[in-house]
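model-v3.csv follows (CSV, C-alpha atoms):
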chain,number,residue,atom,x,y,z
A,1,MET,CA,262.2,54.2,80.9
A,2,ARG,CA,260.2,52.4,78.2
A,3,LEU,CA,256.5,52.1,79.0
A,4,ILE,CA,255.7,49.8,76.1
A,5,LYS,CA,257.1,46.5,74.9
A,6,ALA,CA,256.0,44.6,71.8
A,7,VAL,CA,256.5,41.3,70.1
A,8,SER,CA,255.5,40.1,66.6
A,9,ASN,CA,253.5,36.9,66.4
A,10,ARG,CA,255.4,34.4,64.3
A,11,HIS,CA,252.3,32.3,63.7
A,12,ALA,CA,250.1,35.1,62.3
A,13,ARG,CA,248.7,34.9,58.8
A,14,ILE,CA,250.3,31.5,58.0
A,15,GLY,CA,248.1,29.4,55.8
A,16,ILE,CA,245.1,31.6,55.9
A,17,GLY,CA,242.1,30.1,54.1
A,18,ARG,CA,238.4,29.7,54.4
A,19,ASP,CA,238.9,26.4,56.3
A,20,THR,CA,240.9,28.2,59.1
A,21,ILE,CA,238.3,30.8,59.8
A,22,PRO,CA,236.2,30.1,62.9
A,23,PRO,CA,232.5,29.7,61.7
A,24,ALA,CA,231.3,31.0,65.1
A,25,PHE,CA,232.6,34.4,64.2
A,26,SER,CA,231.6,34.6,60.6
A,27,VAL,CA,229.7,37.4,58.8
A,28,ALA,CA,226.5,35.3,59.0
A,29,ALA,CA,227.0,34.7,62.7
A,30,ALA,CA,227.4,38.5,63.3
A,31,GLU,CA,224.1,39.2,61.5
A,32,ASP,CA,222.3,36.7,63.8
A,33,VAL,CA,223.9,38.4,66.8
A,34,ILE,CA,223.0,41.9,65.9
A,35,GLY,CA,219.5,40.7,64.9
A,36,PHE,CA,218.9,39.6,68.5
A,37,HIS,CA,220.6,42.7,70.1
A,38,SER,CA,218.5,45.0,68.1
A,39,THR,CA,215.3,43.7,69.7
A,40,ILE,CA,216.5,44.9,73.2
A,41,PRO,CA,214.5,48.1,74.0
A,42,GLN,CA,217.7,50.0,75.1
A,43,TYR,CA,219.6,49.1,71.9
A,44,TYR,CA,221.1,51.6,69.6
A,45,PRO,CA,224.5,51.5,67.8
A,46,THR,CA,227.2,53.0,70.0
A,47,PRO,CA,229.0,56.1,68.5
A,48,LEU,CA,231.9,55.8,66.2
A,49,LEU,CA,233.9,59.0,66.8
A,50,ARG,CA,236.5,60.7,64.7
A,51,LEU,CA,239.5,62.5,66.2
A,52,PRO,CA,240.9,64.5,63.3
A,53,ALA,CA,242.9,66.9,65.4
A,54,ALA,CA,244.6,64.1,67.3
A,55,ALA,CA,245.3,62.3,64.1
A,56,SER,CA,246.9,65.4,62.7
A,57,LYS,CA,249.2,65.6,65.7
A,58,MET,CA,250.0,61.9,65.4
A,59,LYS,CA,250.7,62.3,61.6
A,60,ILE,CA,248.3,59.6,60.6
A,61,ALA,CA,245.3,59.7,58.3
A,62,GLU,CA,242.5,58.9,60.8
A,63,ILE,CA,241.7,57.8,64.3
A,64,LEU,CA,238.3,56.2,64.9
A,65,ILE,CA,237.0,55.3,68.4
A,66,LYS,CA,234.0,53.0,69.0
A,67,ASP,CA,232.6,54.3,72.3
A,68,GLU,CA,231.3,51.3,74.1
A,69,SER,CA,230.8,53.3,77.3
A,70,LYS,CA,227.4,54.2,75.8
A,71,ARG,CA,226.2,50.5,75.6
A,72,PHE,CA,222.7,50.1,77.2
A,73,GLY,CA,223.7,52.7,79.8
A,74,LEU,CA,226.0,50.2,81.5
A,75,ASN,CA,229.3,51.9,80.8
A,76,SER,CA,230.8,48.8,78.9
A,77,PHE,CA,230.5,46.5,76.0
A,78,LYS,CA,230.3,43.4,78.2
A,79,VAL,CA,226.6,43.3,78.3
A,80,LEU,CA,226.6,42.2,74.7
A,81,GLY,CA,228.1,38.9,75.7
A,82,GLY,CA,225.8,38.5,78.8
A,83,THR,CA,222.6,39.1,76.8
A,84,TYR,CA,223.5,36.9,73.9
A,85,SER,CA,224.8,33.9,75.9
A,86,ILE,CA,221.8,33.9,78.3
A,87,MET,CA,219.5,33.9,75.3
A,88,LYS,CA,221.3,31.0,73.7
A,89,TYR,CA,221.3,29.1,77.0
A,90,ILE,CA,217.5,29.6,77.5
A,91,CYS,CA,216.7,28.6,73.9
A,92,THR,CA,218.8,25.5,74.2
A,93,GLU,CA,217.4,24.5,77.6
A,94,ILE,CA,213.8,24.7,76.5
A,95,GLY,CA,214.2,23.5,72.9
A,96,ILE,CA,213.1,26.6,71.0
A,97,PRO,CA,214.8,28.1,67.9
A,98,ASP,CA,217.1,31.1,68.6
A,99,ASP,CA,217.2,32.5,65.1
A,100,ARG,CA,214.0,34.5,65.4
A,101,ILE,CA,213.6,35.0,69.2
A,102,SER,CA,213.4,38.6,70.6
A,103,PHE,CA,214.3,40.0,74.0
A,104,GLN,CA,210.7,40.5,74.6
A,105,ASP,CA,210.0,36.9,73.9
A,106,LEU,CA,212.5,36.0,76.7
A,107,GLN,CA,210.6,38.3,79.1
A,108,SER,CA,207.3,36.7,78.3
A,109,GLY,CA,205.4,34.5,80.7
A,110,SER,CA,205.4,31.6,78.3
A,111,VAL,CA,209.2,31.4,78.3
A,112,ARG,CA,209.5,32.0,82.0
A,113,GLY,CA,206.9,29.2,82.6
A,114,LYS,CA,209.1,26.7,80.7
A,115,THR,CA,212.4,27.7,82.3
A,116,GLY,CA,211.3,28.0,85.9
A,117,ASP,CA,213.6,29.7,88.3
A,118,ILE,CA,217.3,30.0,87.2
A,119,THR,CA,220.2,31.6,89.1
A,120,PHE,CA,222.9,32.8,86.7
A,121,SER,CA,226.4,33.2,88.2
A,122,THR,CA,229.7,34.5,87.1
A,123,ALA,CA,233.1,35.8,88.2
A,124,THR,CA,234.1,39.3,87.1
A,125,ASP,CA,236.4,42.3,87.6
A,126,GLY,CA,233.2,44.4,87.1
A,127,ASN,CA,231.9,44.9,83.6
A,128,HIS,CA,231.1,41.3,82.6
A,129,GLY,CA,229.3,40.7,85.9
A,130,LEU,CA,227.2,43.8,85.5
A,131,GLY,CA,226.2,42.6,82.1
A,132,VAL,CA,225.1,39.2,83.4
A,133,ALA,CA,223.4,40.7,86.4
A,134,TRP,CA,221.5,43.3,84.3
A,135,THR,CA,220.3,40.6,81.9
A,136,ALA,CA,219.1,38.4,84.7
A,137,GLN,CA,217.2,41.4,86.2
A,138,GLN,CA,215.6,42.3,82.9
A,139,LEU,CA,214.4,38.7,82.3
A,140,GLY,CA,213.3,38.0,85.9
A,141,TYR,CA,216.0,35.6,87.1
A,142,LYS,CA,218.5,35.7,90.0
A,143,ALA,CA,222.2,36.4,89.7
A,144,VAL,CA,225.2,35.7,92.0
A,145,VAL,CA,228.4,37.5,91.0
A,146,PHE,CA,231.8,36.7,92.4
A,147,MET,CA,234.4,39.5,92.4
A,148,PRO,CA,238.2,39.4,93.2
A,149,VAL,CA,239.9,40.9,96.2
A,150,GLY,CA,240.5,44.6,95.9
A,151,THR,CA,237.4,45.3,93.7
A,152,VAL,CA,236.5,49.0,94.1
A,153,PRO,CA,233.2,49.7,95.8
A,154,ALA,CA,231.7,51.5,92.8
A,155,ARG,CA,231.8,48.4,90.7
A,156,ILE,CA,230.3,46.3,93.5
A,157,ARG,CA,227.4,48.8,93.9
A,158,ALA,CA,226.7,48.9,90.2
A,159,ILE,CA,226.1,45.2,90.3
A,160,GLU,CA,224.1,45.2,93.5
A,161,GLU,CA,221.8,47.8,92.1
A,162,THR,CA,220.5,45.2,89.7
A,163,GLY,CA,219.4,43.1,92.6
A,164,ALA,CA,222.2,40.6,92.2
A,165,GLU,CA,224.1,39.1,95.1
A,166,VAL,CA,227.8,40.0,95.2
A,167,GLN,CA,230.4,37.8,96.9
A,168,VAL,CA,233.9,39.4,97.1
A,169,THR,CA,236.6,36.7,97.4
A,170,LYS,CA,240.0,36.9,98.9
A,171,ALA,CA,241.6,35.8,95.6
A,172,ASN,CA,242.7,37.3,92.3
A,173,TYR,CA,240.6,37.1,89.2
A,174,ASP,CA,241.8,33.7,87.9
A,175,GLU,CA,241.2,32.1,91.3
A,176,THR,CA,237.8,33.8,91.6
A,177,VAL,CA,236.8,32.1,88.3
A,178,ASN,CA,237.5,28.8,89.9
A,179,ILE,CA,235.6,29.7,93.1
A,180,ALA,CA,232.6,30.8,91.1
A,181,ALA,CA,232.6,27.6,88.9
A,182,GLU,CA,232.8,25.4,92.0
A,183,ALA,CA,229.9,27.2,93.7
A,184,ALA,CA,227.8,27.0,90.6
A,185,SER,CA,228.4,23.3,90.3
A,186,LYS,CA,227.5,22.6,93.9
A,187,LYS,CA,224.4,24.8,93.9
A,188,GLY,CA,223.0,24.0,90.4
A,189,TRP,CA,223.5,27.6,89.1
A,190,VAL,CA,224.1,28.4,85.5
A,191,SER,CA,227.7,29.7,85.0
A,192,ILE,CA,227.9,32.5,82.4
A,193,GLN,CA,231.6,32.9,82.2
A,194,ASP,CA,233.6,34.7,79.5
A,195,THR,CA,236.6,32.3,79.7
A,196,THR,CA,237.0,28.6,79.3
A,197,PHE,CA,238.1,25.8,81.5
A,198,GLU,CA,238.1,22.0,81.1
A,199,GLY,CA,234.7,20.9,79.9
A,200,TYR,CA,233.3,24.4,79.7
A,201,GLU,CA,233.5,26.0,76.2
A,202,THR,CA,230.0,26.3,74.8
A,203,ILE,CA,228.8,29.2,76.9
A,204,PRO,CA,232.1,31.2,76.6
A,205,GLU,CA,231.8,30.9,72.9
A,206,TRP,CA,228.3,32.3,73.0
A,207,VAL,CA,229.6,35.2,75.2
A,208,MET,CA,232.3,35.9,72.6
A,209,GLN,CA,229.7,35.8,69.8
A,210,GLY,CA,227.8,38.5,71.5
A,211,TYR,CA,230.7,40.9,71.0
A,212,LEU,CA,230.4,40.6,67.2
A,213,THR,CA,227.8,43.4,67.4
A,214,ILE,CA,230.7,45.9,68.1
A,215,MET,CA,232.5,45.2,64.8
A,216,TYR,CA,229.4,44.8,62.7
A,217,GLU,CA,228.2,48.2,63.8
A,218,THR,CA,231.6,49.7,63.3
A,219,LEU,CA,232.0,48.7,59.7
A,220,VAL,CA,228.5,49.9,58.8
A,221,GLN,CA,229.3,53.3,60.5
A,222,MET,CA,232.7,53.5,58.7
A,223,LYS,CA,230.9,53.0,55.3
A,224,THR,CA,228.8,56.1,56.0
A,225,MET,CA,232.0,58.0,56.7
A,226,GLY,CA,233.5,57.0,53.4
A,227,ARG,CA,235.9,54.4,54.8
A,228,THR,CA,235.7,50.7,54.0
A,229,ARG,CA,237.9,49.3,56.8
A,230,PRO,CA,240.7,50.3,59.2
A,231,THR,CA,244.3,49.6,58.3
A,232,HIS,CA,245.1,49.0,62.0
A,233,ILE,CA,243.1,47.9,65.0
A,234,LEU,CA,244.3,47.9,68.6
A,235,LEU,CA,242.4,45.4,70.8
A,236,GLN,CA,242.5,45.2,74.6
A,237,ALA,CA,242.8,41.7,76.0
A,238,GLY,CA,242.2,40.3,79.5
A,239,VAL,CA,241.3,36.7,78.8
A,240,GLY,CA,241.0,37.7,75.1
A,241,SER,CA,237.3,37.1,74.5
A,242,MET,CA,236.5,40.4,72.9
A,243,ALA,CA,239.7,40.7,71.0
A,244,ALA,CA,239.3,37.2,69.5
A,245,ALA,CA,235.7,37.8,68.5
A,246,VAL,CA,236.5,41.0,66.7
A,247,LEU,CA,239.6,39.6,65.1
A,248,GLY,CA,237.7,36.4,64.0
A,249,TYR,CA,235.0,38.5,62.4
A,250,LEU,CA,237.5,40.6,60.5
A,251,VAL,CA,239.4,37.6,59.2
A,252,SER,CA,236.1,36.0,58.2
A,253,LYS,CA,235.1,39.1,56.3
A,254,TYR,CA,238.4,40.0,54.7
A,255,VAL,CA,240.4,36.8,54.8
A,256,ASP,CA,244.1,37.7,54.2
A,257,SER,CA,243.5,41.4,53.8
A,258,TYR,CA,242.2,42.1,57.3
A,259,PRO,CA,243.7,45.0,59.3
A,260,TYR,CA,247.0,44.8,61.1
A,261,THR,CA,245.9,43.7,64.6
A,262,ALA,CA,247.8,44.2,67.8
A,263,ILE,CA,246.7,42.8,71.2
A,264,VAL,CA,247.1,45.2,74.0
A,265,GLU,CA,247.6,44.2,77.7
A,266,PRO,CA,249.0,45.5,81.0
A,267,VAL,CA,252.6,44.5,81.6
A,268,GLN,CA,251.5,42.9,84.9
A,269,ALA,CA,248.9,40.6,83.2
A,270,ALA,CA,250.3,40.1,79.7
A,271,CYS,CA,249.5,36.5,79.0
A,272,PHE,CA,249.3,36.9,75.2
A,273,TYR,CA,252.5,38.9,75.1
A,274,ASP,CA,254.3,36.4,77.3
A,275,SER,CA,253.0,33.5,75.1
A,276,PHE,CA,254.1,35.2,71.9
A,277,VAL,CA,257.6,35.7,73.4
A,278,VAL,CA,257.8,32.0,74.0
A,279,GLY,CA,256.5,31.5,70.5
A,280,ASP,CA,255.9,27.8,70.4
A,281,GLY,CA,252.2,28.2,69.6
A,282,GLU,CA,251.0,27.3,73.1
A,283,PRO,CA,249.3,29.7,75.6
A,284,TYR,CA,251.1,30.5,78.9
A,285,PRO,CA,250.0,32.3,82.1
A,286,ALA,CA,251.1,35.8,82.6
A,287,LYS,CA,254.4,36.3,84.4
A,288,GLY,CA,253.3,39.4,86.2
A,289,ASP,CA,251.5,39.7,89.5
A,290,LEU,CA,248.2,40.9,87.9
A,291,ARG,CA,248.2,44.1,89.9
A,292,THR,CA,247.3,47.0,87.5
A,293,ILE,CA,244.9,49.9,87.4
A,294,MET,CA,243.4,48.2,84.3
A,295,ALA,CA,241.2,46.0,86.4
A,296,GLY,CA,239.2,44.7,83.4
A,297,LEU,CA,242.4,43.4,81.8
A,298,SER,CA,243.9,41.9,85.0
A,299,CYS,CA,243.7,38.3,83.9
A,300,GLY,CA,246.5,35.8,84.0
A,301,GLU,CA,245.4,33.0,81.7
A,302,PRO,CA,244.0,33.2,78.1
A,303,ASN,CA,240.6,31.9,77.2
A,304,THR,CA,241.6,28.9,75.1
A,305,LEU,CA,239.1,29.6,72.4
A,306,ALA,CA,240.4,33.1,72.2
A,307,TRP,CA,244.0,31.9,72.1
A,308,ASP,CA,243.4,29.8,69.0
A,309,ILE,CA,242.1,32.8,67.1
A,310,ILE,CA,244.6,35.3,68.4
A,311,ASN,CA,247.6,32.9,67.9
A,312,ASN,CA,246.6,32.3,64.3
A,313,PHE,CA,245.8,35.8,63.2
A,314,ALA,CA,246.9,38.6,65.6
A,315,ASP,CA,250.1,40.3,64.2
A,316,ALA,CA,251.6,41.4,67.5
A,317,ALA,CA,251.1,41.7,71.2
A,318,ILE,CA,251.9,44.9,73.1
A,319,ALA,CA,252.4,45.1,76.9
A,320,CYS,CA,251.9,48.5,78.5
A,321,GLU,CA,252.7,50.0,81.9
A,322,ASP,CA,249.8,51.6,83.8
A,323,GLU,CA,251.2,55.1,82.8
A,324,VAL,CA,250.1,54.4,79.2
A,325,SER,CA,246.5,54.0,80.3
A,326,VAL,CA,246.8,57.2,82.3
A,327,GLU,CA,248.1,59.0,79.2
A,328,GLY,CA,245.1,57.8,77.2
A,329,MET,CA,242.5,58.7,79.8
A,330,ARG,CA,243.8,62.3,79.9
A,331,LEU,CA,244.2,62.5,76.2
A,332,LEU,CA,240.5,61.5,75.6
A,333,ALA,CA,239.2,63.7,78.5
A,334,ASN,CA,241.1,66.8,77.3
A,335,PRO,CA,240.8,66.5,73.5
A,336,THR,CA,242.8,68.4,70.9
A,337,GLY,CA,241.0,71.1,68.9
A,338,ASN,CA,237.4,70.2,68.2
A,339,ASP,CA,237.8,66.5,68.8
A,340,PRO,CA,235.0,65.1,71.0
A,341,LYS,CA,235.6,64.5,74.7
A,342,ILE,CA,235.5,60.8,75.5
A,343,ILE,CA,235.2,59.5,79.1
A,344,SER,CA,237.3,56.4,79.2
A,345,GLY,CA,238.2,54.2,82.1
A,346,GLU,CA,241.6,52.6,82.8
A,347,SER,CA,241.0,49.5,80.5
A,348,GLY,CA,239.2,51.5,77.9
A,349,ALA,CA,241.9,54.2,77.3
A,350,VAL,CA,245.1,52.2,77.2
A,351,THR,CA,245.0,51.9,73.4
A,352,ALA,CA,244.6,55.6,73.0
A,353,GLY,CA,247.6,56.2,75.2
A,354,LEU,CA,249.6,53.6,73.3
A,355,LEU,CA,248.9,55.1,69.9
A,356,TRP,CA,249.8,58.6,71.2
A,357,LEU,CA,253.2,57.4,72.5
A,358,LEU,CA,253.9,55.3,69.4
A,359,THR,CA,253.5,58.2,67.1
A,360,ARG,CA,254.9,61.0,69.3
A,361,ASP,CA,257.8,59.5,71.2
A,362,ASN,CA,260.8,58.6,69.2
A,363,GLN,CA,261.9,55.9,71.6
A,364,TYR,CA,259.1,53.8,70.2
A,365,THR,CA,260.1,54.2,66.6
A,366,ASP,CA,261.0,50.5,66.4
A,367,ILE,CA,257.5,49.5,67.4
A,368,ARG,CA,255.9,52.0,65.1
A,369,GLN,CA,257.9,50.8,62.2
A,370,MET,CA,257.2,47.1,63.0
A,371,MET,CA,253.5,48.0,62.9
A,372,ASP,CA,253.9,50.1,59.7
A,373,ILE,CA,252.0,53.0,61.2
A,374,GLY,CA,252.3,56.1,59.0
A,375,PRO,CA,250.6,58.9,57.1
A,376,ASP,CA,248.1,56.6,55.4
A,377,SER,CA,247.1,54.7,58.6
A,378,VAL,CA,243.4,54.5,59.6
A,379,VAL,CA,243.5,53.3,63.2
A,380,LEU,CA,240.5,51.9,65.0
A,381,LEU,CA,240.3,51.9,68.8
A,382,ILE,CA,237.6,50.5,71.0
A,383,ASN,CA,236.7,52.4,74.2
A,384,THR,CA,235.7,49.3,76.1
A,385,GLU,CA,234.5,51.1,79.3
A,386,GLY,CA,233.7,54.5,80.8
A,387,ALA,CA,234.6,55.7,84.3
A,388,THR,CA,233.6,52.5,86.1
A,389,ASP,CA,235.7,53.7,89.1
A,390,PRO,CA,234.6,57.4,89.3
A,391,ASP,CA,236.9,58.3,92.2
A,392,ASN,CA,240.0,57.0,90.5
A,393,TYR,CA,239.0,58.5,87.2
A,394,ARG,CA,238.7,61.9,88.8
A,395,LYS,CA,242.1,61.6,90.5
A,396,ILE,CA,243.8,60.6,87.2
A,397,ILE,CA,242.2,63.3,85.1
A,398,GLN,CA,243.1,65.9,87.8
A,399,GLY,CA,246.7,64.8,87.8
A,400,TYR,CA,246.9,63.0,91.1
A,401,TYR,CA,248.1,59.7,89.8

So, in terms of structure tokens, how does the structure I just supplied come out?
Amino acid sequence: MRLIKAVSNRHARIGIGRDTIPPAFSVAAAEDVIGFHSTIPQYYPTPLLRLPAAASKMKIAEILIKDESKRFGLNSFKVLGGTYSIMKYICTEIGIPDDRISFQDLQSGSVRGKTGDITFSTATDGNHGLGVAWTAQQLGYKAVVFMPVGTVPARIRAIEETGAEVQVTKANYDETVNIAAEAASKKGWVSIQDTTFEGYETIPEWVMQGYLTIMYETLVQMKTMGRTRPTHILLQAGVGSMAAAVLGYLVSKYVDSYPYTAIVEPVQAACFYDSFVVGDGEPYPAKGDLRTIMAGLSCGEPNTLAWDIINNFADAAIACEDEVSVEGMRLLANPTGNDPKIISGESGAVTAGLLWLLTRDNQYTDIRQMMDIGPDSVVLLINTEGATDPDNYRKIIQGYY
């Protein structure tokens, strides 16, 4: 049984030029974003880790993993979008420039006096909601977080510990987004969502911009390692916000010489894969039922802003069965040789499992050749989350899955 299926994107790299690169994800934009993030007291660049022993077994030059489980002590990269978008909203709302504002400025009495009471709301599978709730707590505002049916208790508790109110719906993620948006509209809350819907694009773009810090840091760290850029990057996608932001930045920086980029999703929620299969340039909902252990990627419809970038520039989409994530979690938890141990959750580890299978299992030779992965490949992975469901993580690592 094949656990992986892949499709090339027939629209990728066609007519690349400066006028096709989204300015919101430019090099200059990334510098503004990291300039703000670096004012947060808990800020430091998350580690970029080398796995030389695993790379040797996979017969490639280098594996690099950006470990976002270390971001602000919140176990995920998502807080980058929450902090940046809330800053942009506040600055826009009270009419102050955002190019020089610090996190401490946002916490000050003068800013709070101008904004008054605000309730920020969002829908989430866990990580994005925690980022929004944490930011609201740090700045002295309220937060209401909507979560889909089946959300594990640990993810609910993590959000409630910030003082936010959590409402668990009886719907899946996509429907929960609609429920949250309707509640925010009725109650006058400010919706901080990482996906778009009709009439709602500005804040999701700010959220996406927040993720630029990941790639900005990564390229600086690679330079200290003697590497200029990866040859390949595997990017997880739920609605596609992080993947599109990272890809947009890479295209902005390198134009037509950016790394080979593959979008990675669960088979059960593969909206980008399914859209590439249709291949008419339009986004389509996932054909699966969305039920996957990769909760952070359990999203049925693409963010339309993300779709425009991914459709124009991503080279391929790859859909993975849950077993691929399990393989990655165990690989990172039980490293080869002297490679560092990495605690990675279900959504964070799928790219590691994918790379392992592509390079070690001959039934995927066709995909490996399509991606041109070989002895000179420098592959970048992003561990998007740690063990956000500790009980399930323990079971998987101990072999009970």

Wanna dump the range 297-346 of chain A-range 57-62 of chain A contacts at 12 Å for me, each residue with its shortest atom pair and the distance in Å to one decimal, counting only C-alpha atoms, ordered by chain and number, as a Markdown table?
| residue | atom | partner | partner_atom | distance |
| --- | --- | --- | --- | --- |
| A:Pro335 | CA | A:Lys57 | CA | 11.5 |
| A:Thr336 | CA | A:Lys57 | CA | 8.7 |
| A:Gly337 | CA | A:Lys57 | CA | 10.4 |
| A:Asp339 | CA | A:Lys57 | CA | 11.8 |

From the options A:Tyr400, A:Tyr216, A:Phe25, A:Phe313, which residue's atoms come nearest to Leu48 in chain A, counting only C-alpha atoms?
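The answer is A:Tyr216, which sits nearest to Leu48 in chain A.
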
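Of the residues listed (A:Tyr89, A:Tyr43, A:Phe77, A:Phe36), A:Phe77 shows the shortest atom-to-atom separation from Gly386 in chain A; distances use all atoms listed in the file.
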
Within 10 Å of range 225-248 of chain A: each range 282-383 of chain A residue with its shortest pair, all atoms listed in the file, as a tab-separated table:
residue	atom	partner	partner_atom	distance
A:Met294	CA	A:Gly238	CA	9.3
A:Ala295	CA	A:Gly238	CA	9.0
A:Gly296	CA	A:Gly238	CA	6.6
A:Leu297	CA	A:Gly238	CA	3.9
A:Ser298	CA	A:Gly238	CA	6.0
A:Cys299	CA	A:Gly238	CA	5.1
A:Gly300	CA	A:Val239	CA	7.4
A:Glu301	CA	A:Val239	CA	6.2
A:Pro302	CA	A:Val239	CA	4.5
A:Asn303	CA	A:Val239	CA	5.1
A:Thr304	CA	A:Val239	CA	8.6
A:Leu305	CA	A:Ser241	CA	8.0
A:Ala306	CA	A:Ala244	CA	5.0
A:Trp307	CA	A:Gly240	CA	7.2
A:Asp308	CA	A:Ala244	CA	8.5
A:Ile309	CA	A:Ala244	CA	5.7
A:Ile310	CA	A:Ala244	CA	5.7
A:Asn311	CA	A:Ala244	CA	9.5
A:Asn312	CA	A:Gly248	CA	9.8
A:Phe313	CA	A:Leu247	CA	7.5
A:Ala314	CA	A:Leu247	CA	7.4
A:Ala316	CA	A:Leu234	CA	9.8
A:Ala317	CA	A:Leu235	CA	9.5
A:Ile318	CA	A:Leu234	CA	9.3
A:Ser347	CA	A:Gln236	CA	7.5
A:Gly348	CA	A:Gln236	CA	7.8
A:Ala349	CA	A:Gln236	CA	9.4
A:Val350	CA	A:Gln236	CA	7.9
A:Thr351	CA	A:Leu234	CA	6.3
A:Ala352	CA	A:Leu234	CA	8.9
A:Leu354	CA	A:Leu234	CA	9.1
A:Leu355	CA	A:Leu234	CA	8.6
A:Met371	CA	A:His232	CA	8.5
A:Asp372	CA	A:His232	CA	9.2
A:Ile373	CA	A:His232	CA	8.0
A:Asp376	CA	A:Thr231	CA	8.5
A:Ser377	CA	A:Thr231	CA	5.8
A:Val378	CA	A:Pro230	CA	5.0
A:Val379	CA	A:His232	CA	4.7
A:Leu380	CA	A:Ile233	CA	4.8
A:Leu381	CA	A:Leu234	CA	5.7
A:Ile382	CA	A:Leu235	CA	7.0
A:Asn383	CA	A:Gln236	CA	9.3

Between A:Asp256, A:Asp361, A:Asp117, A:Glu201, single out the one closest to Thr20 in chain A, counting only C-alpha atoms.
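Once distances to Thr20 in chain A are computed over only C-alpha atoms, the minimum belongs to A:Asp256.
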